[in-house]
Amino acid sequence: MEFSFLRFKLSMEKMEELFKMDRDYLATVVLTPAESKRLIGKAVANLPEVQNAFRKGKILIIGSTTNAYVVEELLGIKISKYRFAAGKIHNGKLGVNKKEERIPPYIIRNGKVLDVELDEILKEFDVNDVVIKGANAVDPYGNAGILLASKTGGSVAKVIGTIFGIGAHFIIPVGLEKLIPSVYEAAESFKLRQNQIYSTGLNVGFMPVTGAKVITEIESLEVLTSVIAVHVSSGGIGGSEGSVVLNIHGKKEEVTHAIELIKNIKGEPSINPEN
């Protein structure tokens, strides 16, 4: 499957070509951030490389709220989304969960959760294994950005060399609520940290990431229902802040499938310390 990231960047000529491919049905849907995370979690759990590694390989799922949904969909369990994150933006401030309160990364081998140290399992990784890491930013070119509370780079700094050194699968689930114009520009702006005089909450760094498979709502709908999704609007009020509006194009049966999937996801509770 071709992942041509963020299809709204396609040229008008490409869009016209797609619409000629018997994809003449349209639905417009709204997803809140929590609903988007559930959708993305379902898609990532169903990616071929994830399913293959789950059956006969290794998967490392590093903590993030979106990745909590991946864990739930892959393992069929319920976990605290709030505590499966290290960093957070909560109550209008940058911050972190206390280390002793966090749920550690999930390490899975041949479908079973292991209780081993991260450094030990990384020594066993090979090209068919999978690392799943969340992000705080994504741009229209498929680059991701990760905020860093740790001066040594946190968990991502431990694993990124292994990922690219052996060519393991690197998947970044991230919602379009985190869309920014340019990860490169954001990274450049953090070079002035030595002169930073204020931060709302925790003082953080920023790591740009390229070369990963980024999975947003757009790719998720393609994975799960074969439709083409176009990001047309964002925002909301009264509990719908951060929502994304998507136009879904496809054959009638594909669009109908996508509608039913989204209807089943609607009402996903927002993330808070209690869940």
# chains A, B, ... in the order shown; residues from 1 in each chain; ligands from 1
call {"tool": "residues_around", "arguments": {"residues": "A:Lys252", "least_positions_apart": "2", "cutoff": "9 Å", "atoms": "only C-alpha atoms", "output": "PyMOL selection string"}}
result
chain A and resi 23-26+249-250+254-257
call {"tool": "residues_around", "arguments": {"residues": "A:Val159", "least_positions_apart": "6", "cutoff": "9 Å", "atoms": "only C-alpha atoms", "output": "list of chain:residue names"}}
result
A:Leu118, A:Asp119, A:Leu122, A:Val131
call {"tool": "write_last_selection", "arguments": {"atoms": "C-alpha atoms", "output": "mmCIF file, in the first residue's frame"}}
result
data_model
loop_
_atom_site.group_PDB
_atom_site.id
_atom_site.type_symbol
_atom_site.label_atom_id
_atom_site.label_comp_id
_atom_site.auth_asym_id
_atom_site.auth_seq_id
_atom_site.Cartn_x
_atom_site.Cartn_y
_atom_site.Cartn_z
ATOM 1 C CA LEU A 118 14.550 -1.790 27.119
ATOM 2 C CA ASP A 119 18.309 -1.968 26.578
ATOM 3 C CA LEU A 122 17.020 -3.707 21.696
ATOM 4 C CA VAL A 131 9.160 0.255 17.163
#
call {"tool": "residues_around", "arguments": {"residues": "A:Phe54", "least_positions_apart": "6", "cutoff": "8 Å", "atoms": "only C-alpha atoms", "output": "count of residues only"}}
result
4
call {"tool": "residues_around", "arguments": {"residues": "stretch 137-149 of chain A", "least_positions_apart": "2", "cutoff": "7 Å", "atoms": "only C-alpha atoms", "output": "list in words"}}
result
Phe5, Leu6, Gly87, Ala135, Lys151, Gly153, Gly154, Lys178, Leu179, Ile180, Pro181, Ser182, Val183, Val204, Gly205, Phe206, Met207, Pro208, Val209, Thr210 and Val214 of chain A
call {"tool": "select_by_dssp", "arguments": {"residues": "stretch 26-115 of chain A", "states": "alpha helix (DSSP H)", "output": "VMD selection string"}}
result
chain A and resid 33 to 45 48 to 56 65 to 75
call {"tool": "closest_atom_pairs", "arguments": {"of": "stretch 164-230 of chain A", "to": "stretch 64-79 of chain A", "cutoff": "10 Å", "atoms": "only C-alpha atoms", "output": "tab-separated table"}}
result
residue	atom	partner	partner_atom	distance
A:Ile172	CA	A:Asn67	CA	9.0
A:Pro173	CA	A:Thr66	CA	6.8
A:Val174	CA	A:Thr66	CA	7.0
A:Gly175	CA	A:Thr66	CA	8.2
call {"tool": "write_last_selection", "arguments": {"atoms": "C-alpha atoms", "output": "PDB file, in the first residue's frame"}}
result
ATOM      1  CA  ILE A 172       4.764   7.094  14.410  1.00  0.00           C
ATOM      2  CA  PRO A 173       1.039   7.333  15.149  1.00  0.00           C
ATOM      3  CA  VAL A 174       0.036  11.003  15.371  1.00  0.00           C
ATOM      4  CA  GLY A 175      -3.221  12.899  14.958  1.00  0.00           C
TER       5      GLY A 175
END
call {"tool": "closest_residue", "arguments": {"among": "A:Leu192, A:Ile107, A:Leu246, A:Val29", "to": "A:Gly57", "atoms": "only C-alpha atoms"}}
result
A:Ile107
call {"tool": "closest_residue", "arguments": {"among": "A:Val30, A:Glu268, A:Gly63, A:Asn136", "to": "A:Glu217", "atoms": "only C-alpha atoms"}}
result
A:Val30
call {"tool": "atom_distance", "arguments": {"atom1": "atom CA of A:Arg102", "atom2": "atom CA of A:Ala34"}}
result
19.6 Å
call {"tool": "closest_residue", "arguments": {"among": "A:Leu261, A:Thr216, A:Ile121, A:Glu177", "to": "A:Gly242", "atoms": "only C-alpha atoms"}}
result
A:Glu177
call {"tool": "residues_around", "arguments": {"residues": "A:Ile132", "least_positions_apart": "5", "cutoff": "7 Å", "atoms": "only C-alpha atoms", "output": "PyMOL selection string"}}
result
chain A and resi 60-62+170-172
call {"tool": "write_last_selection", "arguments": {"atoms": "C-alpha atoms", "output": "PDB file, in the first residue's frame"}}
result
ATOM      1  CA  LEU A  60       8.330  -2.084  21.257  1.00  0.00           C
ATOM      2  CA  ILE A  61       5.529   0.381  22.047  1.00  0.00           C
ATOM      3  CA  ILE A  62       6.903   3.500  23.724  1.00  0.00           C
ATOM      4  CA  PHE A 170       9.601   2.690  12.780  1.00  0.00           C
ATOM      5  CA  ILE A 171       5.962   3.739  13.074  1.00  0.00           C
ATOM      6  CA  ILE A 172       4.764   7.094  14.410  1.00  0.00           C
TER       7      ILE A 172
END
call {"tool": "residues_around", "arguments": {"residues": "A:Asn275", "least_positions_apart": "6", "cutoff": "8 Å", "atoms": "only C-alpha atoms", "output": "list of chain:residue names"}}
result
A:Ile79, A:Ser80, A:Lys81, A:Tyr82
